[in-house]
Each structure stands twice: as C-alpha cells, then as structure tokens.
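Coordinates as given in protein29.txt (compact mmCIF, C-alpha atoms and all ligand atoms):
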# COMPACT_ATOMS: atom_id res chain seq x y z
CA MET A 25 -17.50 6.13 -3.10
CA ILE A 26 -14.31 4.52 -1.80
CA ARG A 27 -11.98 7.20 -0.53
CA ALA A 28 -9.58 5.67 1.98
CA TYR A 29 -7.38 2.72 1.07
CA THR A 30 -5.05 0.78 3.35
CA ILE A 31 -2.09 -0.70 1.44
CA ALA A 32 -1.11 -3.93 3.21
CA SER A 33 0.69 -7.21 2.55
CA GLY A 34 1.69 -9.12 5.66
CA LYS A 35 5.06 -9.94 4.17
CA GLY A 36 7.76 -7.27 4.28
CA GLY A 37 9.32 -5.72 1.20
CA THR A 38 6.50 -6.46 -1.24
CA GLY A 39 6.26 -2.84 -2.40
CA LYS A 40 3.69 -1.20 -0.08
CA THR A 41 5.63 2.02 0.29
CA THR A 42 6.50 2.17 -3.42
CA ILE A 43 2.85 1.66 -4.35
CA THR A 44 1.56 4.19 -1.84
CA ALA A 45 4.01 6.84 -3.08
CA ASN A 46 3.38 6.24 -6.78
CA LEU A 47 -0.35 5.67 -6.62
CA GLY A 48 -0.70 8.80 -4.52
CA THR A 49 1.38 10.79 -6.97
CA ALA A 50 -0.55 9.41 -9.97
CA LEU A 51 -3.87 10.36 -8.33
CA ALA A 52 -2.47 13.85 -7.73
CA GLN A 53 -1.38 13.97 -11.40
CA TYR A 54 -5.02 13.26 -12.30
CA GLY A 55 -5.91 16.34 -10.30
CA ARG A 56 -7.36 14.47 -7.32
CA GLU A 57 -6.77 15.86 -3.84
CA THR A 58 -4.82 12.98 -2.33
CA CYS A 59 -3.15 12.42 1.00
CA ILE A 60 -0.79 9.57 1.84
CA ILE A 61 0.01 8.60 5.41
CA ASP A 62 2.94 6.57 6.71
CA THR A 63 1.42 4.37 9.41
CA ASP A 64 4.66 2.34 9.47
CA THR A 65 5.72 4.29 12.54
CA GLY A 66 8.57 1.89 13.35
CA MET A 67 10.27 1.66 9.96
CA ALA A 68 9.16 4.90 8.33
CA ASN A 69 10.15 5.06 4.66
CA LEU A 70 7.48 7.06 2.86
CA GLY A 71 9.03 10.47 3.51
CA LEU A 72 12.43 9.10 2.48
CA VAL A 73 11.33 7.78 -0.92
CA LEU A 74 9.53 11.05 -1.63
CA GLY A 75 12.54 13.17 -0.78
CA LEU A 76 11.10 15.02 2.22
CA GLU A 77 13.99 16.78 3.95
CA GLU A 78 12.76 18.85 6.86
CA THR A 79 9.90 17.26 8.78
CA PRO A 80 10.00 18.73 12.28
CA VAL A 81 6.48 17.46 13.04
CA THR A 82 5.44 13.97 11.90
CA LEU A 83 2.76 11.38 12.57
CA HIS A 84 4.87 10.38 15.60
CA GLU A 85 4.12 13.66 17.37
CA VAL A 86 0.47 13.56 16.30
CA LEU A 87 0.00 9.99 17.57
CA ALA A 88 1.77 10.97 20.80
CA GLY A 89 -0.85 13.70 21.29
CA GLU A 90 1.83 16.41 21.06
CA ALA A 91 0.94 18.03 17.72
CA ALA A 92 -2.01 18.75 15.46
CA THR A 93 -2.56 16.69 12.31
CA GLN A 94 -2.38 19.76 10.07
CA ASP A 95 1.19 20.46 11.25
CA ALA A 96 2.34 17.04 10.01
CA ILE A 97 1.15 17.51 6.42
CA TYR A 98 3.86 18.19 3.80
CA GLU A 99 3.53 18.87 0.12
CA GLY A 100 4.85 16.44 -2.49
CA PRO A 101 4.72 16.28 -6.31
CA TYR A 102 1.58 17.69 -8.00
CA GLY A 103 0.27 18.92 -4.66
CA LEU A 104 0.20 15.43 -3.12
CA LYS A 105 -0.18 15.73 0.66
CA ILE A 106 2.16 13.55 2.70
CA VAL A 107 1.96 12.73 6.41
CA PRO A 108 5.32 11.07 7.11
CA SER A 109 6.36 9.22 10.22
CA GLY A 110 9.57 10.19 11.98
CA LEU A 111 12.76 8.19 12.00
CA SER A 112 13.45 8.09 15.74
CA LEU A 113 12.82 5.00 17.83
CA GLN A 114 11.69 7.18 20.70
CA GLY A 115 9.01 8.71 18.46
CA PHE A 116 7.83 5.21 17.59
CA GLN A 117 7.63 4.27 21.27
CA HIS A 118 5.47 7.28 22.10
CA SER A 119 3.08 6.80 19.15
CA ASP A 120 -0.34 5.48 20.03
CA PRO A 121 -1.89 3.88 16.91
CA ARG A 122 -5.36 4.26 18.45
CA ARG A 123 -5.13 7.99 17.73
CA LEU A 124 -5.00 7.19 14.01
CA GLU A 125 -8.77 7.23 13.73
CA GLY A 126 -8.92 10.92 14.67
CA VAL A 127 -6.15 11.71 12.19
CA MET A 128 -8.06 9.86 9.46
CA ARG A 129 -11.24 11.80 10.22
CA GLU A 130 -9.44 15.12 9.86
CA LEU A 131 -7.73 14.10 6.62
CA THR A 132 -10.92 12.70 5.07
CA ASP A 133 -12.38 16.20 5.42
CA ARG A 134 -9.46 17.66 3.46
CA CYS A 135 -8.86 15.07 0.71
CA GLU A 136 -10.73 13.12 -1.93
CA PHE A 137 -8.45 10.12 -1.54
CA LEU A 138 -6.46 8.81 1.39
CA LEU A 139 -3.82 6.07 1.11
CA LEU A 140 -2.30 4.43 4.19
CA ASP A 141 1.11 2.80 3.91
CA THR A 142 1.34 0.09 6.58
CA PRO A 143 3.98 -1.96 8.39
CA ALA A 144 4.66 -5.59 7.56
CA GLY A 145 3.51 -8.26 10.01
CA ILE A 146 0.40 -8.66 12.13
CA GLY A 147 1.25 -6.48 15.14
CA ASN A 148 -1.15 -3.90 16.53
CA ASP A 149 0.25 -1.16 14.33
CA ALA A 150 -0.37 -3.30 11.24
CA VAL A 151 -3.86 -4.48 12.22
CA ILE A 152 -5.36 -1.14 13.30
CA PRO A 153 -5.09 0.40 9.78
CA LEU A 154 -6.97 -2.62 8.38
CA THR A 155 -10.06 -1.42 10.22
CA MET A 156 -9.70 2.25 9.29
CA ALA A 157 -10.05 2.48 5.54
CA ASP A 158 -13.03 1.88 3.27
CA GLU A 159 -10.98 -0.81 1.54
CA VAL A 160 -7.75 -2.71 2.07
CA LEU A 161 -5.60 -3.28 -1.03
CA LEU A 162 -3.28 -6.27 -0.73
CA VAL A 163 0.17 -6.04 -2.29
CA ILE A 164 1.46 -9.39 -3.50
CA ASN A 165 4.62 -10.57 -5.18
CA PRO A 166 4.26 -13.57 -7.49
CA GLU A 167 5.61 -16.13 -5.04
CA ILE A 168 4.14 -18.46 -2.44
CA CYS A 169 5.26 -16.78 0.82
CA SER A 170 3.84 -13.47 -0.27
CA LEU A 171 0.55 -15.13 -1.23
CA VAL A 172 0.22 -16.96 2.09
CA ASP A 173 0.96 -13.81 4.08
CA ALA A 174 -1.53 -11.80 2.01
CA LEU A 175 -4.12 -14.46 2.68
CA LYS A 176 -3.54 -14.02 6.42
CA ILE A 177 -4.10 -10.29 6.04
CA ARG A 178 -7.30 -10.95 4.11
CA ILE A 179 -8.56 -13.21 6.90
CA LEU A 180 -7.47 -10.75 9.61
CA THR A 181 -9.16 -7.87 7.79
CA GLU A 182 -12.43 -9.76 7.69
CA MET A 183 -12.06 -10.74 11.35
CA VAL A 184 -11.71 -7.11 12.44
CA GLY A 185 -14.62 -5.96 10.28
CA GLY A 186 -12.65 -4.42 7.42
CA THR A 187 -13.09 -4.98 3.68
CA VAL A 188 -10.53 -6.20 1.17
CA GLY A 189 -11.20 -4.40 -2.09
CA GLY A 190 -8.60 -6.06 -4.30
CA ALA A 191 -4.95 -6.89 -4.76
CA ILE A 192 -2.01 -5.46 -6.69
CA LEU A 193 0.46 -7.95 -8.07
CA ASN A 194 3.83 -6.21 -7.83
CA ARG A 195 7.25 -7.13 -9.23
CA ALA A 196 5.90 -9.47 -11.86
CA THR A 197 8.63 -10.69 -14.19
CA LEU A 198 6.39 -12.93 -16.31
CA ASP A 199 9.18 -15.49 -16.43
CA GLY A 200 8.45 -19.16 -15.72
CA ALA A 201 9.10 -18.81 -11.98
CA ASP A 202 6.21 -16.38 -11.41
CA MET A 203 2.94 -17.71 -10.06
CA SER A 204 0.20 -16.84 -12.50
CA ARG A 205 -2.25 -14.08 -11.85
CA ARG A 206 -5.20 -16.46 -12.17
CA LYS A 207 -3.77 -18.90 -9.65
CA ILE A 208 -3.17 -16.10 -7.18
CA GLU A 209 -6.68 -14.74 -7.63
CA ASN A 210 -8.25 -18.14 -7.15
CA ALA A 211 -6.19 -18.90 -4.04
CA LEU A 212 -6.67 -15.50 -2.48
CA GLY A 213 -10.31 -15.10 -3.44
CA VAL A 214 -9.60 -11.48 -4.26
CA ARG A 215 -9.54 -9.74 -7.63
CA ILE A 216 -6.16 -8.54 -8.82
CA ILE A 217 -6.77 -4.98 -9.87
CA ASP A 218 -3.58 -4.82 -11.90
CA THR A 219 -0.02 -6.07 -12.28
CA VAL A 220 3.03 -3.87 -11.75
CA PRO A 221 6.10 -5.27 -13.54
CA GLU A 222 9.54 -5.70 -12.04
CA ASP A 223 11.13 -2.43 -13.15
CA ALA A 224 14.74 -1.40 -12.56
CA ASN A 225 13.65 2.24 -12.70
CA VAL A 226 11.76 1.81 -9.41
CA ARG A 227 15.03 1.15 -7.56
CA LYS A 228 16.74 4.05 -9.34
CA THR A 229 14.01 6.46 -8.36
CA ALA A 230 13.94 5.27 -4.76
CA ALA A 231 17.63 6.20 -4.63
CA ALA A 232 16.85 9.54 -6.32
CA ARG A 233 13.96 10.03 -3.84
CA THR A 234 11.44 10.78 -6.59
CA PRO A 235 8.44 8.63 -7.57
CA VAL A 236 8.95 6.61 -10.76
CA VAL A 237 5.71 8.09 -12.20
CA VAL A 238 7.46 11.48 -12.13
CA LYS A 239 10.99 10.56 -13.18
CA TYR A 240 10.25 7.80 -15.71
CA PRO A 241 6.60 8.32 -16.72
CA GLU A 242 6.86 5.93 -19.69
CA SER A 243 8.35 3.10 -17.63
CA GLY A 244 6.25 -0.10 -17.35
CA SER A 245 5.61 0.38 -13.64
CA SER A 246 4.54 4.00 -14.16
CA LYS A 247 1.95 2.94 -16.72
CA ALA A 248 0.61 0.37 -14.26
CA PHE A 249 0.47 2.91 -11.42
CA ARG A 250 -1.49 5.30 -13.65
CA ARG A 251 -3.92 2.53 -14.66
CA ILE A 252 -4.57 1.68 -11.01
CA ALA A 253 -4.98 5.35 -10.13
CA ALA A 254 -7.45 5.69 -13.00
CA GLU A 255 -9.45 2.77 -11.64
CA ILE A 256 -9.45 4.27 -8.16
CA ALA A 257 -10.48 7.62 -9.59
CA GLY A 258 -13.45 5.95 -11.25
CA LEU A 259 -12.36 5.40 -14.84
CA PRO A 260 -13.40 2.09 -16.43
CA VAL A 261 -11.00 -0.86 -16.69
CA GLU A 262 -11.22 -4.08 -18.62
CA GLU A 263 -10.52 -7.81 -18.02
CA GLU A 264 -11.91 -10.71 -15.97
CA PRO A 265 -9.70 -13.76 -15.85
CA GLU A 266 -11.08 -17.22 -16.49
CA LYS A 267 -11.04 -19.86 -13.75
CA VAL A 268 -8.29 -22.45 -13.47
CA GLN A 269 -8.51 -25.95 -12.02
CA GLU A 270 -7.65 -26.33 -8.36
CA GLY A 271 -3.96 -27.08 -7.83
CA PHE A 272 -1.53 -27.04 -4.91
CA ILE A 273 -1.87 -23.31 -4.21
CA GLU A 274 -5.65 -23.40 -4.15
CA ARG A 275 -5.61 -26.42 -1.81
CA LEU A 276 -3.18 -24.62 0.48
CA ALA A 277 -5.48 -21.60 0.57
CA ARG A 278 -8.46 -23.74 1.51
CA THR A 279 -6.47 -25.41 4.30
CA LEU A 280 -5.43 -22.06 5.70
CA PHE A 281 -9.03 -20.83 5.71
CA ARG A 282 -10.23 -24.01 7.47
CA ARG A 283 -7.58 -23.68 10.18
CA VAL A 284 -8.52 -20.14 11.18
CA SER A 285 -12.28 -20.41 10.91
N1 LIG B 301 7.87 -2.97 -9.28
C1 LIG B 301 9.08 -2.95 -8.72
N2 LIG B 301 10.19 -3.18 -9.49
C2 LIG B 301 11.43 -3.18 -8.93
N3 LIG B 301 11.68 -2.93 -7.64
C3 LIG B 301 10.62 -2.69 -6.83
C4 LIG B 301 9.27 -2.69 -7.33
N4 LIG B 301 8.45 -2.42 -6.28
C5 LIG B 301 9.23 -2.26 -5.20
N5 LIG B 301 10.53 -2.42 -5.52
C6 LIG B 301 11.70 -2.34 -4.62
O1 LIG B 301 11.50 -3.32 -3.60
C7 LIG B 301 12.02 -2.85 -2.36
C8 LIG B 301 10.92 -2.91 -1.31
O2 LIG B 301 9.91 -1.99 -1.68
P1 LIG B 301 9.08 -1.20 -0.58
O3 LIG B 301 9.98 -0.53 0.40
O4 LIG B 301 8.11 -0.35 -1.31
O5 LIG B 301 8.35 -2.42 0.12
P2 LIG B 301 7.49 -2.41 1.47
O6 LIG B 301 6.43 -3.44 1.30
O7 LIG B 301 7.05 -1.04 1.80
O8 LIG B 301 8.58 -2.90 2.52
P3 LIG B 301 8.41 -2.92 4.13
O9 LIG B 301 7.53 -4.10 4.45
O10 LIG B 301 9.81 -3.10 4.63
O11 LIG B 301 7.78 -1.63 4.54
C9 LIG B 301 12.54 -1.45 -2.61
O12 LIG B 301 13.93 -1.53 -2.84
C10 LIG B 301 11.83 -1.01 -3.89
O13 LIG B 301 12.56 -0.07 -4.63
MG MG B 302 7.29 0.08 3.55
If you took the structure in this file and wrote it as structure tokens, what would it be?
Amino acid sequence: MIRAYTIASGKGGTGKTTITANLGTALAQYGRETCIIDTDTGMANLGLVLGLEETPVTLHEVLAGEAATQDAIYEGPYGLKIVPSGLSLQGFQHSDPRRLEGVMRELTDRCEFLLLDTPAGIGNDAVIPLTMADEVLLVINPEICSLVDALKIRILTEMVGGTVGGAILNRATLDGADMSRRKIENALGVRIIDTVPEDANVRKTAAARTPVVVKYPESGSSKAFRRIAAEIAGLPVEEEPEKVQEGFIERLARTLFRRVS
C-alpha cells in the first residue's frame, strides 16, 4: 500500500502547499492518521496556511540534529499531524536534507499516510524528497511552463530511482485558455488523478489560515480534495480519458525526453 507521497511540481506557485494542507486535512477527516511535512525549508509556508502559531521546534532543528522528530509534530484540524519548517534563514542554513530519511522512518511508524510538501526548483532540497516517498504526485497548472517543469520532475524522479504515481491538475478554469487534461496526460505520460478548479475560496482561506476543506467544505476545490483523498485512502474512482492525436505539446514532450536520455 502506498503510504508516503511527495507533492512536487518543479515550477513555483502551482499549489503544492495548498494541496498538501487540504489533502492532509481531508485524509484526517476520513479518519486516517495522516502527517504532513514541510520539506520546503527555505520558504516554509505549510505552518502558515494551517494557522500554527507557536512552533518552538520545527523541521529545521530536527534536520540540524538539534531536536527529536517527535518534538516538531503539531496538531492540526481533525488530528492532522503537521511537521512545519521554521521561518528563519539561519534555520534553513543549518538544515541538512539528508537527515530527512530518518525523520520519514520515524513518522511512517506513527502514521498511515505521509505527505511531503516540497520546494520549487531542482536543487538538492527539492530532489531528495523525490527519492523518499513511495510515490511522487506532480502538481500541474493548465499551462505550458508548468507542464514542462513537471515533465522535468518526472524525468528527475525516474533518474533518482523514485516513482511518479500521478498528477493533480490544479487551478483549472475550463476556459478556452486552459490546456486540456488529455493533452497534459499524453505529454506528461502520467495519469491525472483529478482536477482541482480555480477557486476564490482557496485564497480566502489561505488568508484566514484554515484549509478550504474545513472552512468551505462545499466549495469546488474542497470536493476535489476529498475525491483525491478518497482515492488515496483506497476508495474506487472512475474515468479513463481517450487518446488525442499528437500535437505541439506532445512533440515538445518527446523532444525533452530525447534530450535528457
Ligand atoms: N485551486 C486554487 N484556486 C485558487 N487559488 C489557488 C488554488 N491553489 C492554489 N492557489 C493559490 O495559489 C498560490 C500559490 O499556492 P501555493 O502556495 O500552494 O503554491 P506552491 O506550489 O506551494 O508555491 P511555492 O512553489 O512557492 O511553494 C496561493 O496564493 C494559493 O492560495
Ligand atoms: Mg509551497
């Protein structure tokens, strides 16, 4: 059974932190023991969007070898366990991402599901989590730069021996400017597990420091987060998109693959 998921995208701002917070909360709402970890040690946001106030010990201290993992675990909605990173630059400097493996081992013993929020880019701190989880979930926005960057993460994941389990298409507006789900799937070679719509309530809840699945449970994004959580928790889901003819995006994807292999 898949238990640990790394949420990654390559491109910044695609919704990794939002998805980690809401998927984690939705899994906890389903009664699953879930822990989410902020491996974005440089630009830590997970604790902020979940409204954590006092976090004297964080992943920073654990990755610096100065504190035990259990002291960096905080409780969120529905008993969700959160391991935030700290906000200080000094804490970031002292963090050694190679210690993450030990942290993961300890948390796997305590939780049914583990979600890792990751930094953007392809630095060491972004690549190490790709090797740690059972599966990497790619977060994509329906536009070309996001797709190309996600493709790089897919290739990198395979190069370092990790597994990409699927993708989440976030911020879909379904207007004419969006790339279609089928095109993205064909170009990426990865199944899109589900689509999360562009939802103004996500921004409102980030400001209110509460997950949208808690504050606006009937919102479109909340329904999507619950569907994805249900899939992760082992409930059946439908759909398998039909193939489309190869177009510009698919050709671009093939070129990218050829260049790195
Ligand atoms: N489905 C959505 N609808 C509307 N806004 C969204 C949605 N998902 C994310 N956002 C908004 O997009 C912005 C970026 O989201 P988020 O911080 O989760 O991205 P990220 O991938 O973690 O970014 P970074 O790479 O900087 O860590 C935030 O303002 C968030 O509220
Ligand atoms: Mg983030």
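For the set A:Thr234, A:Asn194, A:Thr181, A:Gln94, the residue with the smallest atom-to-atom gap to Leu76 in chain A is A:Thr234, counting only C-alpha atoms.
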Need the shell around Val163 in chain A: protein/DNA/RNA residues with any atom at most 7 Å away, counting only C-alpha atoms. Skip same-chain ones fewer than 5 positions apart. Format as a tab-separated table (two decimals) with C-alpha atoms, in the coordinates of the input?
chain	number	residue	atom	x	y	z
A	31	ILE	CA	-2.09	-0.70	1.44
A	32	ALA	CA	-1.11	-3.93	3.21
A	33	SER	CA	0.69	-7.21	2.55
A	38	THR	CA	6.50	-6.46	-1.24
A	39	GLY	CA	6.26	-2.84	-2.40
A	40	LYS	CA	3.69	-1.20	-0.08
A	191	ALA	CA	-4.95	-6.89	-4.76
A	192	ILE	CA	-2.01	-5.46	-6.69
A	193	LEU	CA	0.46	-7.95	-8.07
A	194	ASN	CA	3.83	-6.21	-7.83
Where is the centre and how long are the edges: axis-aligned box on range 105-118 of chain A, 3 Å on each side, Å to one decimal, as lines of an AutoDock Vina configuration file:
center_x = 6.6
center_y = 10.0
center_z = 11.4
size_x = 19.6
size_y = 17.5
size_z = 27.4
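Between ligand LIG 301 (chain B) and the candidates A:Thr58, A:Thr187, A:Thr65, A:Thr132, the tightest atom-to-atom separation, counting all atoms listed in the file, involves A:Thr65.
Each of A:Ala254, A:Met183, A:Ala96, A:Ala150 was checked against ligand MG 302 (chain B) using all atoms listed in the file; the smallest atom-to-atom distance is that of A:Ala150.
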Is there a way to complete range 153-183 of chain A with N, CA and C atoms and then write that out as an mmCIF file, in the frame of the given file?
data_model
loop_
_atom_site.group_PDB
_atom_site.id
_atom_site.type_symbol
_atom_site.label_atom_id
_atom_site.label_comp_id
_atom_site.auth_asym_id
_atom_site.auth_seq_id
_atom_site.Cartn_x
_atom_site.Cartn_y
_atom_site.Cartn_z
ATOM 1 N N PRO A 153 -4.728 -0.234 11.068
ATOM 2 C CA PRO A 153 -5.090 0.400 9.780
ATOM 3 C C PRO A 153 -6.021 -0.458 8.907
ATOM 4 N N LEU A 154 -6.076 -1.771 9.172
ATOM 5 C CA LEU A 154 -6.970 -2.620 8.380
ATOM 6 C C LEU A 154 -8.435 -2.299 8.658
ATOM 7 N N THR A 155 -8.677 -1.724 9.838
ATOM 8 C CA THR A 155 -10.060 -1.420 10.220
ATOM 9 C C THR A 155 -10.449 0.005 9.826
ATOM 10 N N MET A 156 -9.481 0.808 9.415
ATOM 11 C CA MET A 156 -9.700 2.250 9.290
ATOM 12 C C MET A 156 -10.224 2.685 7.931
ATOM 13 N N ALA A 157 -9.756 1.982 6.883
ATOM 14 C CA ALA A 157 -10.050 2.480 5.540
ATOM 15 C C ALA A 157 -11.358 1.892 5.012
ATOM 16 N N ASP A 158 -11.858 2.468 3.926
ATOM 17 C CA ASP A 158 -13.030 1.880 3.270
ATOM 18 C C ASP A 158 -12.647 0.525 2.681
ATOM 19 N N GLU A 159 -11.444 0.447 2.137
ATOM 20 C CA GLU A 159 -10.980 -0.810 1.540
ATOM 21 C C GLU A 159 -9.506 -1.040 1.826
ATOM 22 N N VAL A 160 -9.158 -2.314 1.973
ATOM 23 C CA VAL A 160 -7.750 -2.710 2.070
ATOM 24 C C VAL A 160 -7.327 -3.221 0.695
ATOM 25 N N LEU A 161 -6.183 -2.754 0.207
ATOM 26 C CA LEU A 161 -5.600 -3.280 -1.030
ATOM 27 C C LEU A 161 -4.388 -4.114 -0.653
ATOM 28 N N LEU A 162 -4.392 -5.369 -1.065
ATOM 29 C CA LEU A 162 -3.280 -6.270 -0.730
ATOM 30 C C LEU A 162 -2.197 -6.161 -1.791
ATOM 31 N N VAL A 163 -0.963 -6.054 -1.358
ATOM 32 C CA VAL A 163 0.170 -6.040 -2.290
ATOM 33 C C VAL A 163 0.818 -7.416 -2.252
ATOM 34 N N ILE A 164 0.929 -8.028 -3.417
ATOM 35 C CA ILE A 164 1.460 -9.390 -3.500
ATOM 36 C C ILE A 164 2.586 -9.443 -4.504
ATOM 37 N N ASN A 165 3.599 -10.220 -4.190
ATOM 38 C CA ASN A 165 4.620 -10.570 -5.180
ATOM 39 C C ASN A 165 4.274 -11.963 -5.698
ATOM 40 N N PRO A 166 4.694 -12.294 -6.916
ATOM 41 C CA PRO A 166 4.260 -13.570 -7.490
ATOM 42 C C PRO A 166 5.028 -14.768 -6.954
ATOM 43 N N GLU A 167 4.959 -14.957 -5.640
ATOM 44 C CA GLU A 167 5.610 -16.130 -5.040
ATOM 45 C C GLU A 167 4.819 -16.557 -3.803
ATOM 46 N N ILE A 168 5.038 -17.808 -3.410
ATOM 47 C CA ILE A 168 4.140 -18.460 -2.440
ATOM 48 C C ILE A 168 4.107 -17.783 -1.064
ATOM 49 N N CYS A 169 5.263 -17.360 -0.540
ATOM 50 C CA CYS A 169 5.260 -16.780 0.820
ATOM 51 C C CYS A 169 4.447 -15.491 0.845
ATOM 52 N N SER A 170 4.594 -14.711 -0.195
ATOM 53 C CA SER A 170 3.840 -13.470 -0.270
ATOM 54 C C SER A 170 2.347 -13.758 -0.337
ATOM 55 N N LEU A 171 1.970 -14.763 -1.102
ATOM 56 C CA LEU A 171 0.550 -15.130 -1.230
ATOM 57 C C LEU A 171 -0.015 -15.583 0.109
ATOM 58 N N VAL A 172 0.715 -16.438 0.805
ATOM 59 C CA VAL A 172 0.220 -16.960 2.090
ATOM 60 C C VAL A 172 0.067 -15.820 3.100
ATOM 61 N N ASP A 173 1.040 -14.923 3.126
ATOM 62 C CA ASP A 173 0.960 -13.810 4.080
ATOM 63 C C ASP A 173 -0.189 -12.859 3.722
ATOM 64 N N ALA A 174 -0.413 -12.663 2.434
ATOM 65 C CA ALA A 174 -1.530 -11.800 2.010
ATOM 66 C C ALA A 174 -2.860 -12.444 2.398
ATOM 67 N N LEU A 175 -2.900 -13.750 2.299
ATOM 68 C CA LEU A 175 -4.120 -14.460 2.680
ATOM 69 C C LEU A 175 -4.410 -14.260 4.169
ATOM 70 N N LYS A 176 -3.352 -14.276 4.980
ATOM 71 C CA LYS A 176 -3.540 -14.020 6.420
ATOM 72 C C LYS A 176 -4.109 -12.621 6.630
ATOM 73 N N ILE A 177 -3.599 -11.674 5.878
ATOM 74 C CA ILE A 177 -4.100 -10.290 6.040
ATOM 75 C C ILE A 177 -5.563 -10.207 5.594
ATOM 76 N N ARG A 178 -5.890 -10.948 4.541
ATOM 77 C CA ARG A 178 -7.300 -10.950 4.110
ATOM 78 C C ARG A 178 -8.189 -11.474 5.234
ATOM 79 N N ILE A 179 -7.765 -12.595 5.834
ATOM 80 C CA ILE A 179 -8.560 -13.210 6.900
ATOM 81 C C ILE A 179 -8.657 -12.258 8.104
ATOM 82 N N LEU A 180 -7.497 -11.688 8.471
ATOM 83 C CA LEU A 180 -7.470 -10.750 9.610
ATOM 84 C C LEU A 180 -8.385 -9.547 9.356
ATOM 85 N N THR A 181 -8.330 -9.038 8.134
ATOM 86 C CA THR A 181 -9.160 -7.870 7.790
ATOM 87 C C THR A 181 -10.625 -8.200 8.011
ATOM 88 N N GLU A 182 -11.029 -9.374 7.535
ATOM 89 C CA GLU A 182 -12.430 -9.760 7.690
ATOM 90 C C GLU A 182 -12.781 -9.977 9.163
ATOM 91 N N MET A 183 -11.815 -10.526 9.923
ATOM 92 C CA MET A 183 -12.060 -10.740 11.350
ATOM 93 C C MET A 183 -12.277 -9.432 12.110
#
